[in-house]
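Below is one structure; the comments refer to it alone.
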Amino acid sequence: MKEIYLDHAATSHPKPNEVVLAVVNALTIENANPGRSGYSRAIRASDIVFEARNNIKTILNAKDVLEIAFTYNCTDAINLAIKGVLKKGDHVICSALEHNSVLRVLGEMKKAGEIEFDVVFPKPNGYVDPKEYIKRIKRNTALFILTHASNVTGAVQPVEAIGCIAKSFGIPYLIDGAQAAGEISVDVQKCYCDLYAFAGHKALLGPQGTGGLFIKSGMMLKPFRAGGTGSASESIYQPMETPDRYESGTMNLPGIAGLSEGARYVKKRDQAIFHKLSLLTDVLFEGLSSIKGVTVYSPENSTFRSGVVSFNVNDLSSQEAAEELYRQGMCVRSGLHCAPYAHAFLGTLSRGAVRASVGYSNTIDEINTFIEKVYNLSKIQGPA
């Protein structure tokens, strides 16, 4: 039985051949430690990292390659951003749509008595009202945080409007772009953000264990990790030069090489990718919405919807529904998707939701097959 993979919001599959070949090349021909030595292979390894920064710079419309710092994943980037900005006594405003990559960092810091934070819940249509951020500003508000696109509903948030507010009040602004970079258009200039975290292994089509953080020029973060960078080795203190300051230890050269090719692949096809993902999502949303007994949680407005569609079937738990679909070859995710406040907003905290997320490799036929499987499942009555 052929599997249909609809879990691209967790990690994209399959990876383009260019990505796989770049990883193999970095492990074999160009295998050296970037920034550490002066022989030709080590220099070529450094060139791979520089080229990757440049490819990500283009994707995000950053101004300088040195504004791109590579991290182990998007969660690592978010930790760097939040812990690098905040100090004891600070206040943060975030949305209820945030992933635990944000919420748990804030929660742990609050529990330690270091910070306080307010949570803005979205309007019934699934989008945050920018005015709600203004209402919660305090004298010690030191950071705005907002996800670019919800990993539960797929709703694309008003990141530009929030950015204008942050800029006008002089408050640093972090965007979680895990579900956006590579899938929808991203422009850090228009968003007025100071920090933009991205995942390498999702819509950017790179390997797992890759990600990074856009850090606007002139912004200096406290690094939460220190060590060798290959620069300023005479000093026992972390260097001030960026992005070295944030990239201690041996870099993931194979992963970064693959990410570079994934970003290049996306950039060459950006409008084609955006158009196809929009079409696939529209077909998925409309098809699921037409099935009696299926509740769809993603927004109706296709203009502000990413490739995520979450739903439940009758009274079945999300786990039961997902397991039954997998028995028929459908690869989707169930549960809370590491976003408890989002499910509290949706009223699905107890049962979670089934999440289908499309990717560039999917086809219309696959989406129609999936809709048919869900339709057949809807005929099964779950527990009362």
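Each chain in the structure tokens gets a letter, A, B, ..., in the order shown, and its residues are numbered from 1; ligands are numbered from 1 in order too.
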Q: Name the residues of region 101-332 of chain A that fall into strand (DSSP E or B) according to DSSP on the backbone, using the chain letters and numbers of this document, as a PyMOL selection string.
A: chain A and resi 115-120+141-147+149+155-156+173-176+181+184+195-199+211-215+294-296+305+308-313+330-331
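Within region 182-254 of chain A, DSSP applied to the backbone places the following residues in alpha helix (DSSP H): A:Val188, A:Gln189, A:Lys190, A:Cys191, A:Leu253, A:Pro254.
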Writing out the chosen residues with N, CA, C and O atoms as a PDB file, in the first residue's frame:
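Result saved to out_10.pdb:
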ATOM      1  N   VAL A 188      11.656  40.214   6.097  1.00  0.00           N
ATOM      2  CA  VAL A 188      11.935  40.750   7.435  1.00  0.00           C
ATOM      3  C   VAL A 188      11.959  42.275   7.452  1.00  0.00           C
ATOM      4  O   VAL A 188      11.791  42.890   8.514  1.00  0.00           O
ATOM      5  N   GLN A 189      12.150  42.888   6.284  1.00  0.00           N
ATOM      6  CA  GLN A 189      12.128  44.355   6.220  1.00  0.00           C
ATOM      7  C   GLN A 189      10.697  44.869   6.398  1.00  0.00           C
ATOM      8  O   GLN A 189      10.442  45.792   7.182  1.00  0.00           O
ATOM      9  N   LYS A 190       9.755  44.255   5.699  1.00  0.00           N
ATOM     10  CA  LYS A 190       8.361  44.680   5.791  1.00  0.00           C
ATOM     11  C   LYS A 190       7.748  44.337   7.151  1.00  0.00           C
ATOM     12  O   LYS A 190       6.811  44.992   7.599  1.00  0.00           O
ATOM     13  N   CYS A 191       8.286  43.291   7.779  1.00  0.00           N
ATOM     14  CA  CYS A 191       7.759  42.887   9.084  1.00  0.00           C
ATOM     15  C   CYS A 191       8.302  43.740  10.227  1.00  0.00           C
ATOM     16  O   CYS A 191       7.796  43.651  11.351  1.00  0.00           O
ATOM     17  N   LEU A 253      28.029  20.981   9.303  1.00  0.00           N
ATOM     18  CA  LEU A 253      28.312  21.258   7.894  1.00  0.00           C
ATOM     19  C   LEU A 253      27.429  20.458   6.945  1.00  0.00           C
ATOM     20  O   LEU A 253      26.867  21.036   6.005  1.00  0.00           O
ATOM     21  N   PRO A 254      27.248  19.139   7.138  1.00  0.00           N
ATOM     22  CA  PRO A 254      26.363  18.402   6.217  1.00  0.00           C
ATOM     23  C   PRO A 254      24.940  18.949   6.225  1.00  0.00           C
ATOM     24  O   PRO A 254      24.313  19.086   5.169  1.00  0.00           O
TER      25      PRO A 254
END
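Ranking A:Val159, A:Ala180, A:Ile4, A:Val102 by their shortest atom-to-atom distance to Pro340 (chain A), with only C-alpha atoms included, puts A:Val102 first.
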What are the closest atom pairs, with distances in Å to one decimal, for each residue of region 156-235 of chain A lying within 9 Å of region 129-139 of chain A, using only C-alpha atoms, rows by chain and rising residue number, as CSV?
residue,atom,partner,partner_atom,distance
A:Pro158,CA,A:Pro130,CA,7.4
A:Val159,CA,A:Pro130,CA,8.9
A:Ala161,CA,A:Pro130,CA,6.5
A:Ile162,CA,A:Pro130,CA,5.6
A:Ile165,CA,A:Ile134,CA,7.4
A:Ala166,CA,A:Ile134,CA,8.9
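With only C-alpha atoms taken into account, the protein and nucleic acid residues at most 12 Å from Asp47 (chain A) (excluding it and anything under 5 positions from it in its own chain) are A:Ala26, A:Glu30, A:Ala32, A:Asn33, A:Pro34, A:Gly35, A:Ser40, A:Arg41, A:Ala42, A:Ala52, A:Arg53, A:Asn54, A:Leu253, A:Ile256, A:Ala257, A:Ser260.
All residues of protein, DNA or RNA that reach within 6 Å of region 212-229 of chain A, judged by only C-alpha atoms and not counting those fewer than 6 positions away in the chain, are Glu67, Ile68, Ala69, Phe70, Thr71, Ala77, Gly84, Val85, Asp194, Leu195, Tyr196, Ala197, Phe198, Asp244, Tyr246, Ser248 and Gly249 of chain A.
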(Q) Could you tell me how far CA of Gly347 (chain A) sits from CA of Gly177 (chain A), in Å to one decimal place? (A)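 CA of Gly347 (chain A) lies at a distance of 24.7 Å from CA of Gly177 (chain A).
Between CA of Val119 (chain A) and CA of Ser95 (chain A) the separation is 5.1 Å.
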Q: Rank A:Leu349, A:Cys331, A:Gly359, A:Gly211 by their smallest atom-to-atom distance to Leu279 (chain A), using only C-alpha atoms, and report the top residue only.
A: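 Checking each candidate against Leu279 (chain A), we get A:Gly359 as the closest.
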**Q.** Neighbour list for region 263-278 of chain A as a count of residues only, cut-off 9 Å, only C-alpha atoms, skip fewer than 2 positions in-chain
**A.** 35
**Q.** Using only C-alpha atoms: which of A:Asp64, A:Glu300, A:Asp365, A:Asp90 has the shortest distance to Tyr127 (chain A)
**A.**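 Smallest separation from Tyr127 (chain A) among the options: A:Glu300.
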